[in-house]
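Student: Quick one: the structure is below, and I'll ask about it shortly.
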Amino acid sequence: MDFYLPIAEVSVNGPLLVVLGAAVGFISGLFGIGGGFLMTPVLVFLGIPPVVAVASEANHVAASSMSSVIAYGRRRAVDFRMGGVLAAGGAIGSFIGVEVFRWLRLLGQADLVVSLSYLIFLGVIGALMLTESLGAILRRRRGEAPPPRRDRRPVWLYGLPFKVRFPRSRLYISVIPPVVLGVFVGVLSAIMGVGGGFILVPAMVYILRMPAGVVVGTSLFQIIITTSLTSVLQAGRNQTVDIVLATLLLIGGVLGAQLGAKASARFRAEELRALLGLIVLFMGLNMGLGLFVRPEEPFIMMLGNG
Amino acid sequence: MAADLPPTDLPPTSAPQISQAPAVSAALTETRVRVTSSFTGARIVLYGAVLDPQDRPSDVVVIVRGPDQPVRMARKTRVAGLWVNSRPVVFQGAPGFYMAASTRPLEEIAGFGTLRRLGAGIDHLAINAPMEEQVETRYGVRDVVVSRLGADYLDWRRAVVRLKEKAGLYDADSAGVRFVDRDLFRAEIDLPTEAPIGTYTTEIILFQAGEPVYRRTRSLVVEKVGLERALYLFAHRSPWWYGLASVVIALGAGWAASVAFRRS
């Protein structure tokens, strides 16, 4: 069953997109990430113009995250205050990111920046997560005690002004690091068509030192706000959100996310992180390698006339 | 009954002896292509007849042109080991869809000058890059800096044609017009899903002894209809409301799924 997409102006196989949406939604619910970094490249591969893929995917991510955040909220696994602070930064980042993306499109360098961002961010984060979590798994197998945690109070994190209490995360830290993190993730959200969960989850664990139990839910909560805003901005500024494409994806996405959120309780945290690290690393290398290979067709045609 | 009168550019059938000049009559099986949610491209058949009392040897060329769409192209070049895009170049005058079908290869039908004048054949399309150096500033970006592309121009032009052909948007078929009966000919127009929206002109040119002796134009409209059209207009006329609507749908679906799962 083929569907003609009114904004992308191509036709796609409907059931295939629903199944893909469900698969990515499952991963989203399982790991507390939006799943945009998996879906956007797949959409581009299916022939959807990258600018439309990036913008519509933000919409799909918002839906999947909404679906699973409610499940996490019931388990009291969302720190709404921390999520709100991150999202405030994310909102600023979205505004910047949408304008940067517009500017890059005009320069013709959007593809390069998207590929490089994937290579660098996914590559580095995937590798770090994989090493860290494999180490944890090995130590557990050998029955060793976890290494003593290093300085629990880094000066740069705790010495900054504007301290706020985050009871759910049992933290009393400055709002500056979460806001900066939020801005960064907001920019990435607009440029890469991702929710930024793959950066937020490790950053909340390793930088903000939040308890593992609230990390996933909080990440999803902030992703909803950032991607919703990105969707509206992309539609308003660039007219690149394809509502038919987004709807096909989110039908599967919201269901998959529910199953994923349920399944997440059955796995150990470090095993999940190892698997996520592997997926992230693979996608990063996959997207980035294209930059080093001599293209078969040296010319590329771009959408629109600027 | 005015509606029953033949179109004025047809020779009057009642007086064939007056018109010794050759002519062509042609029609498309469809003149409106409706792009709906199940649109996967369309095939339109053109039928026509050569009307020549003297029965001179004739060739027919059918040229379909879609609305012009500026083409924005970049070339990948190697910079510090990475393949990156050059600054984009905008080509004007390239039709969004172009098909040239003929009874024989075009260069056997008419001379170079004639074909160029008629814009018949992909080689004769006027696809122009800005000739003089031009810097356009849009949104603070120096979008295009193009001097004469010089010797590279042909490479770029060929690339435009190659990429358009690959997308099924340009096509040249030297056997695309077939005579199915003595004077009756037939050609097929294949519109891919990516075919641009707008009015297409179909020109049917009759050649005799290397000269175009009769031209006839038929138009074809490709339009979005129904929901597709409504959504497209919504997205472009009130983009902010459209964005809000898409987010409301997304969040609503997410919420509905989680409620449904809780009950089950």
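Identifiers in the structure tokens: chain A, B, ... in order shown; residue index from 1 per chain; ligand index from 1 in order shown.
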Using DSSP assignments from the backbone, pull out every residue in range 67-213 of chain A that falls under strand (DSSP E or B) and give it to me as a short mmCIF file (atom, residue, chain, number, x, y, z; two decimals) with C-alpha atoms, in the first residue's frame.

Tutor:
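As written to disk, out31.cif reads:
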data_model
loop_
_atom_site.label_atom_id
_atom_site.label_comp_id
_atom_site.auth_asym_id
_atom_site.auth_seq_id
_atom_site.Cartn_x
_atom_site.Cartn_y
_atom_site.Cartn_z
CA LYS A 163 22.04 26.29 42.93
CA VAL A 164 18.72 24.49 42.85
CA ARG A 165 17.45 21.47 44.72
CA PHE A 166 16.34 18.49 42.60
CA LEU A 171 20.92 16.61 43.82
CA TYR A 172 21.66 20.18 44.90
CA ILE A 173 23.57 21.65 41.99
CA SER A 174 23.84 24.78 39.88
#

Student: For a quick test of understanding: name the residues of chain B lying within 6 Å of chain A when counting only C-alpha atoms, and present them as a VMD selection string.

Tutor: chain B and resid 37 to 39 72 to 76 82 to 83 88 143 193 to 194 228 232 239 to 240 243 to 244 247 250 to 251 254 to 255 257 to 258

Student: So that I have them on file, write out the residues from the current selection with N, CA and C atoms, as a PDB file, in the first residue's frame.

Tutor:
ATOM      1  N   SER B  37      -3.478  10.416  -2.522  1.00  0.00           N
ATOM      2  CA  SER B  37      -2.595   9.715  -1.589  1.00  0.00           C
ATOM      3  C   SER B  37      -2.099   8.399  -2.160  1.00  0.00           C
ATOM      4  N   SER B  38      -2.753   7.885  -3.219  1.00  0.00           N
ATOM      5  CA  SER B  38      -2.272   6.617  -3.777  1.00  0.00           C
ATOM      6  C   SER B  38      -1.475   6.842  -5.060  1.00  0.00           C
ATOM      7  N   PHE B  39      -1.075   8.105  -5.304  1.00  0.00           N
ATOM      8  CA  PHE B  39      -0.361   8.414  -6.546  1.00  0.00           C
ATOM      9  C   PHE B  39       1.015   7.752  -6.594  1.00  0.00           C
ATOM     10  N   ARG B  72      19.342  23.218  -8.309  1.00  0.00           N
ATOM     11  CA  ARG B  72      20.443  23.638  -7.464  1.00  0.00           C
ATOM     12  C   ARG B  72      21.379  22.446  -7.344  1.00  0.00           C
ATOM     13  N   MET B  73      22.614  22.626  -7.780  1.00  0.00           N
ATOM     14  CA  MET B  73      23.534  21.490  -7.821  1.00  0.00           C
ATOM     15  C   MET B  73      24.806  21.818  -7.074  1.00  0.00           C
ATOM     16  N   ALA B  74      25.387  20.774  -6.512  1.00  0.00           N
ATOM     17  CA  ALA B  74      26.708  20.937  -5.918  1.00  0.00           C
ATOM     18  C   ALA B  74      27.554  19.778  -6.400  1.00  0.00           C
ATOM     19  N   ARG B  75      28.862  19.992  -6.379  1.00  0.00           N
ATOM     20  CA  ARG B  75      29.765  18.943  -6.799  1.00  0.00           C
ATOM     21  C   ARG B  75      30.569  18.531  -5.588  1.00  0.00           C
ATOM     22  N   LYS B  76      30.748  17.231  -5.413  1.00  0.00           N
ATOM     23  CA  LYS B  76      31.539  16.768  -4.277  1.00  0.00           C
ATOM     24  C   LYS B  76      33.017  16.879  -4.618  1.00  0.00           C
ATOM     25  N   LEU B  82      38.137  14.501   3.125  1.00  0.00           N
ATOM     26  CA  LEU B  82      36.684  14.346   3.208  1.00  0.00           C
ATOM     27  C   LEU B  82      36.045  14.801   1.906  1.00  0.00           C
ATOM     28  N   TRP B  83      34.968  14.109   1.532  1.00  0.00           N
ATOM     29  CA  TRP B  83      34.231  14.526   0.332  1.00  0.00           C
ATOM     30  C   TRP B  83      33.161  15.504   0.753  1.00  0.00           C
ATOM     31  N   PRO B  88      26.788  25.633  -4.007  1.00  0.00           N
ATOM     32  CA  PRO B  88      25.788  25.238  -5.006  1.00  0.00           C
ATOM     33  C   PRO B  88      25.703  26.225  -6.171  1.00  0.00           C
ATOM     34  N   ASP B 143      24.724  33.069  -1.259  1.00  0.00           N
ATOM     35  CA  ASP B 143      24.225  31.771  -1.701  1.00  0.00           C
ATOM     36  C   ASP B 143      25.003  31.249  -2.893  1.00  0.00           C
ATOM     37  N   THR B 193       6.542   9.614  -9.808  1.00  0.00           N
ATOM     38  CA  THR B 193       5.927  10.230  -8.619  1.00  0.00           C
ATOM     39  C   THR B 193       6.494  11.621  -8.368  1.00  0.00           C
ATOM     40  N   GLU B 194       7.772  11.808  -8.725  1.00  0.00           N
ATOM     41  CA  GLU B 194       8.438  13.077  -8.441  1.00  0.00           C
ATOM     42  C   GLU B 194       8.067  14.164  -9.433  1.00  0.00           C
ATOM     43  N   GLU B 228      -4.361  15.605  -0.111  1.00  0.00           N
ATOM     44  CA  GLU B 228      -2.982  15.966  -0.431  1.00  0.00           C
ATOM     45  C   GLU B 228      -2.856  17.472  -0.655  1.00  0.00           C
ATOM     46  N   TYR B 232      -1.019  20.238   1.693  1.00  0.00           N
ATOM     47  CA  TYR B 232       0.063  21.028   1.096  1.00  0.00           C
ATOM     48  C   TYR B 232      -0.206  22.520   1.289  1.00  0.00           C
ATOM     49  N   PRO B 239       1.890  27.904   8.069  1.00  0.00           N
ATOM     50  CA  PRO B 239       2.876  26.916   8.530  1.00  0.00           C
ATOM     51  C   PRO B 239       2.917  26.754  10.042  1.00  0.00           C
ATOM     52  N   TRP B 240       2.654  27.845  10.787  1.00  0.00           N
ATOM     53  CA  TRP B 240       2.776  27.731  12.246  1.00  0.00           C
ATOM     54  C   TRP B 240       1.639  26.900  12.815  1.00  0.00           C
ATOM     55  N   GLY B 243       2.341  23.308  12.011  1.00  0.00           N
ATOM     56  CA  GLY B 243       3.315  22.739  12.939  1.00  0.00           C
ATOM     57  C   GLY B 243       2.659  22.376  14.262  1.00  0.00           C
ATOM     58  N   LEU B 244       1.818  23.295  14.770  1.00  0.00           N
ATOM     59  CA  LEU B 244       1.134  23.019  16.035  1.00  0.00           C
ATOM     60  C   LEU B 244       0.236  21.796  15.903  1.00  0.00           C
ATOM     61  N   VAL B 247       2.173  18.592  16.015  1.00  0.00           N
ATOM     62  CA  VAL B 247       2.634  18.256  17.366  1.00  0.00           C
ATOM     63  C   VAL B 247       1.476  17.743  18.226  1.00  0.00           C
ATOM     64  N   ALA B 250       0.886  14.239  17.357  1.00  0.00           N
ATOM     65  CA  ALA B 250       1.939  13.367  17.879  1.00  0.00           C
ATOM     66  C   ALA B 250       1.751  13.120  19.373  1.00  0.00           C
ATOM     67  N   LEU B 251       1.576  14.212  20.128  1.00  0.00           N
ATOM     68  CA  LEU B 251       1.460  14.048  21.572  1.00  0.00           C
ATOM     69  C   LEU B 251       0.167  13.317  21.933  1.00  0.00           C
ATOM     70  N   GLY B 254       0.640   9.647  21.352  1.00  0.00           N
ATOM     71  CA  GLY B 254       1.477   9.069  22.398  1.00  0.00           C
ATOM     72  C   GLY B 254       0.690   8.849  23.680  1.00  0.00           C
ATOM     73  N   TRP B 255      -0.111   9.848  24.030  1.00  0.00           N
ATOM     74  CA  TRP B 255      -0.914   9.756  25.248  1.00  0.00           C
ATOM     75  C   TRP B 255      -1.963   8.640  25.111  1.00  0.00           C
ATOM     76  N   ALA B 257      -1.918   5.991  23.238  1.00  0.00           N
ATOM     77  CA  ALA B 257      -1.322   4.653  23.279  1.00  0.00           C
ATOM     78  C   ALA B 257      -1.037   4.246  24.713  1.00  0.00           C
ATOM     79  N   SER B 258      -0.541   5.192  25.502  1.00  0.00           N
ATOM     80  CA  SER B 258      -0.175   4.812  26.866  1.00  0.00           C
ATOM     81  C   SER B 258      -1.427   4.532  27.700  1.00  0.00           C
TER      82      SER B 258
END

Student: Do you know which residues are at most 7 Å from Gly48 in chain B counting only C-alpha atoms, after dropping those on the same chain fewer than 3 positions away, and could you put them as number ranges by chain?

Tutor: B: 24-27, 184-186

Student: Any idea what's packed within 8 Å of Val60 in chain B, counting only C-alpha atoms, ignoring anything in its chain fewer than 5 positions away? Could you give it as a PyMOL selection string?

Tutor: chain B and resi 102-103+177+204-207

Student: Just the selected residues (C-alpha atoms), exported as a compact mmCIF listing (two decimals), in the first residue's frame, please.

Tutor:
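And here's out-v2.txt as it stands now:
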# COMPACT_ATOMS: atom_id res chain seq x y z
CA SER B 102 10.19 10.77 -31.99
CA THR B 103 9.71 8.33 -34.81
CA VAL B 177 6.42 7.69 -31.37
CA ILE B 204 3.45 17.62 -31.45
CA ILE B 205 5.64 18.65 -34.37
CA LEU B 206 5.27 17.25 -37.85
CA PHE B 207 8.49 17.16 -39.88

Student: So that I can check the surroundings of Gly96 in chain B, please list as a PyMOL selection string every protein, DNA and RNA residue that reaches within 7 Å of it, counting only C-alpha atoms and ignoring chain neighbours fewer than 6 positions away.

Tutor: chain B and resi 66-69+169+196

Student: Produce a file of the selected residues containing N, CA and C atoms, as a PDB file, in the first residue's frame.

Tutor:
ATOM      1  N   GLY B  66       7.453  20.077 -18.566  1.00  0.00           N
ATOM      2  CA  GLY B  66       6.778  20.429 -17.317  1.00  0.00           C
ATOM      3  C   GLY B  66       7.149  21.848 -16.944  1.00  0.00           C
ATOM      4  N   PRO B  67       6.575  22.364 -15.866  1.00  0.00           N
ATOM      5  CA  PRO B  67       6.914  23.720 -15.425  1.00  0.00           C
ATOM      6  C   PRO B  67       8.403  23.837 -15.097  1.00  0.00           C
ATOM      7  N   ASP B  68       8.967  25.000 -15.373  1.00  0.00           N
ATOM      8  CA  ASP B  68      10.398  25.205 -15.094  1.00  0.00           C
ATOM      9  C   ASP B  68      10.667  25.113 -13.607  1.00  0.00           C
ATOM     10  N   GLN B  69      11.784  24.487 -13.282  1.00  0.00           N
ATOM     11  CA  GLN B  69      12.202  24.373 -11.884  1.00  0.00           C
ATOM     12  C   GLN B  69      13.690  24.655 -11.844  1.00  0.00           C
ATOM     13  N   LEU B 169      12.774  11.961 -14.736  1.00  0.00           N
ATOM     14  CA  LEU B 169      12.177  13.256 -15.062  1.00  0.00           C
ATOM     15  C   LEU B 169      12.546  13.721 -16.472  1.00  0.00           C
ATOM     16  N   PRO B 196       6.830  17.263 -11.183  1.00  0.00           N
ATOM     17  CA  PRO B 196       6.367  18.489 -10.514  1.00  0.00           C
ATOM     18  C   PRO B 196       4.898  18.774 -10.804  1.00  0.00           C
TER      19      PRO B 196
END

Student: Write out as a list in words each polymer residue whose atoms come within 9 Å of Leu278 in chain A, counting only C-alpha atoms; drop sequence neighbours fewer than 2 positions from it.

Tutor: Gly126, Ala127, Met129, Leu130, Arg273, Ala274, Leu275, Leu276, Val280, Leu281, Phe282 and Met283 of chain A

Student: Please measure the separation of CA of Arg78 in chain B and CA of Pro50 in chain A, giving the value in Å to one decimal.

Tutor: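 Between CA of Arg78 in chain B and CA of Pro50 in chain A the gap is 21.8 Å.
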
Student: Going by DSSP on the backbone, which bits of range 90-199 of chain A are helix (DSSP H, G or I)? Write them as a ChimeraX atom specification, please.

Tutor: /A:90-107,110-142,155-158,167-169,176-192,197-199

Student: Which neighbours of Ala203 in chain A fall inside 12 Å, counting only C-alpha atoms, when residues of the same chain fewer than 3 positions from it are skipped, and could you give them as a PyMOL selection string?

Tutor: chain A and resi 86+125+128-129+177-178+180-182+184-185+196-200+206-212+215-216+219
